[in-house]
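Enquirer: What follows is a structure written as structure tokens; I'll ask about it next.
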Amino acid sequence: MDTWPLLQAALREGKKLVLPRIERRDIEWHAVTGLARGSDLTEGPFGILEPAPAAQRWRPMPGDEPVLWLIPGVGYDRCGTRLGHGAGYYDRALRGAQARRNSVGLAYSCQLVEIIPAAPWDWPVESVVTPDEWIVAANPSDRR
């Protein structure tokens, strides 16, 4: 999914934009104020643009303004179970942030499958958005 237009719109509207940065085997969240390659964003270990090392680190705190978590995945089912690439980066990061509400998996319709088996450490999303529909996951909080 191309999130670039959404990221640009968020900045234009004055929203705080926080993006993931891979640091060792974990995701750290960093606030960015722009999307310029080189100064704001650099290429990460998987060839994906991520916040530059100097970007301000961000951690969710109780009482923070509403946060919308946009989560990539290889596949999803209608219960919000997510299939990633197998390294657990997002599962650990979302668990650490206690991202229970407003977690949205971004997918194309062809990435929806009937069932994705879940392990106890897998972190489901609250909903999945495709170009064709918005799916509210069936009882995602029961599986955390």
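Order determines the names: the first chain of the structure tokens is A, the second B, and so forth; residues in each chain are numbered 1 upward, and ligands are numbered 1 upward as they are shown.
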For Arg24 (chain A), list every protein, DNA or RNA residue within 12 Å, evaluated using only C-alpha atoms, and leave out those in the same chain fewer than 2 positions away; present the list as a list in words.

Expert: Arg21, Ile22, Asp26, Ile27, Glu28, Gly44, Pro45, Ala87 and Tyr89 of chain A

Enquirer: Next, write the just-selected residues to a file, as a PDB file, in the first residue's frame, keeping N, CA and C atoms as the atom set.

Expert:
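Writing done, so here's out32.pdb:
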```pdb
ATOM      1  N   ARG A  21      11.253   3.178  13.028  1.00  0.00           N
ATOM      2  CA  ARG A  21      12.656   3.072  12.636  1.00  0.00           C
ATOM      3  C   ARG A  21      13.194   1.770  13.228  1.00  0.00           C
ATOM      4  N   ILE A  22      13.827   0.959  12.403  1.00  0.00           N
ATOM      5  CA  ILE A  22      14.414  -0.295  12.884  1.00  0.00           C
ATOM      6  C   ILE A  22      15.719   0.017  13.603  1.00  0.00           C
ATOM      7  N   ASP A  26      14.438  -4.250  17.002  1.00  0.00           N
ATOM      8  CA  ASP A  26      13.192  -3.635  17.465  1.00  0.00           C
ATOM      9  C   ASP A  26      12.812  -2.445  16.603  1.00  0.00           C
ATOM     10  N   ILE A  27      11.562  -2.033  16.736  1.00  0.00           N
ATOM     11  CA  ILE A  27      11.080  -0.794  16.135  1.00  0.00           C
ATOM     12  C   ILE A  27      11.068   0.259  17.227  1.00  0.00           C
ATOM     13  N   GLU A  28      11.633   1.402  16.911  1.00  0.00           N
ATOM     14  CA  GLU A  28      11.524   2.579  17.763  1.00  0.00           C
ATOM     15  C   GLU A  28      10.709   3.594  16.981  1.00  0.00           C
ATOM     16  N   GLY A  44      16.324   2.439   5.437  1.00  0.00           N
ATOM     17  CA  GLY A  44      16.591   1.535   6.539  1.00  0.00           C
ATOM     18  C   GLY A  44      17.178   0.214   6.067  1.00  0.00           C
ATOM     19  N   PRO A  45      17.367  -0.738   6.981  1.00  0.00           N
ATOM     20  CA  PRO A  45      18.010  -2.011   6.639  1.00  0.00           C
ATOM     21  C   PRO A  45      17.238  -2.865   5.635  1.00  0.00           C
ATOM     22  N   ALA A  87       9.685 -11.795  11.579  1.00  0.00           N
ATOM     23  CA  ALA A  87      10.700 -11.388  12.550  1.00  0.00           C
ATOM     24  C   ALA A  87      10.089 -10.818  13.826  1.00  0.00           C
ATOM     25  N   TYR A  89       8.869  -7.787  14.463  1.00  0.00           N
ATOM     26  CA  TYR A  89       9.106  -6.370  14.757  1.00  0.00           C
ATOM     27  C   TYR A  89       7.829  -5.656  15.202  1.00  0.00           C
TER      28      TYR A  89
END
```

Enquirer: Apply DSSP to the backbone of this structure and, from chain A, keep only the residues in alpha helix (DSSP H); write these as a PyMOL selection string.

Expert: chain A and resi 4-12+89-97

Enquirer: Generate a file of the selected residues that holds C-alpha atoms, formatted as a PDB file, in the first residue's frame.

Expert:
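The file below, again.pdb, is the result:
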```
ATOM      1  CA  TRP A   4       2.851   8.486   0.941  1.00  0.00           C
ATOM      2  CA  PRO A   5      -0.281  10.611   0.124  1.00  0.00           C
ATOM      3  CA  LEU A   6      -1.689   9.911   3.602  1.00  0.00           C
ATOM      4  CA  LEU A   7       1.585  10.906   5.296  1.00  0.00           C
ATOM      5  CA  GLN A   8       1.760  14.116   3.267  1.00  0.00           C
ATOM      6  CA  ALA A   9      -1.862  14.967   4.102  1.00  0.00           C
ATOM      7  CA  ALA A  10      -1.247  14.390   7.826  1.00  0.00           C
ATOM      8  CA  LEU A  11       1.647  16.842   7.811  1.00  0.00           C
ATOM      9  CA  ARG A  12      -0.304  19.416   5.773  1.00  0.00           C
ATOM     10  CA  TYR A  89       9.106  -6.370  14.757  1.00  0.00           C
ATOM     11  CA  TYR A  90       5.540  -5.028  14.706  1.00  0.00           C
ATOM     12  CA  ASP A  91       4.195  -7.570  17.217  1.00  0.00           C
ATOM     13  CA  ARG A  92       6.826  -6.493  19.777  1.00  0.00           C
ATOM     14  CA  ALA A  93       6.456  -2.779  19.013  1.00  0.00           C
ATOM     15  CA  LEU A  94       2.651  -2.779  19.199  1.00  0.00           C
ATOM     16  CA  ARG A  95       2.655  -4.842  22.380  1.00  0.00           C
ATOM     17  CA  GLY A  96       5.210  -2.470  23.925  1.00  0.00           C
ATOM     18  CA  ALA A  97       3.047   0.520  22.989  1.00  0.00           C
TER      19      ALA A  97
END
```

Enquirer: Just checking: using only C-alpha atoms, which residue out of A:Val129, A:Val74, A:Ala137, A:Leu83 ends up closest to Pro117 (chain A)?

Expert: A:Leu83

Enquirer: Which residue gives the smallest distance to Leu41 (chain A) among A:Gly80, A:Pro20, A:Pro131, A:Pro60, with only C-alpha atoms counted?

Expert: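 Smallest distance to Leu41 (chain A) is found for A:Pro20.
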
Enquirer: Nearest residue to Val104 (chain A) out of A:Val18, A:Ile71, A:Met1, A:Ala52, using only C-alpha atoms?

Expert: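 Closest residue, counting only C-alpha atoms: A:Ile71.
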
Enquirer: Which residues, written as JSON, numbers by chain, have at least one atom at most 8 Å from Ile116 (chain A), with only C-alpha atoms counted and residues fewer than 5 positions away on the same chain left out?

Expert: {"A": [76, 77, 81, 82, 83]}

Enquirer: Which residues are near Trp29 (chain A)? Cut-off 6 Å, only C-alpha atoms, ignore same chain within fewer than 6 positions. Put them as a VMD selection string.

Expert: chain A and resid 19 to 20 57 to 58
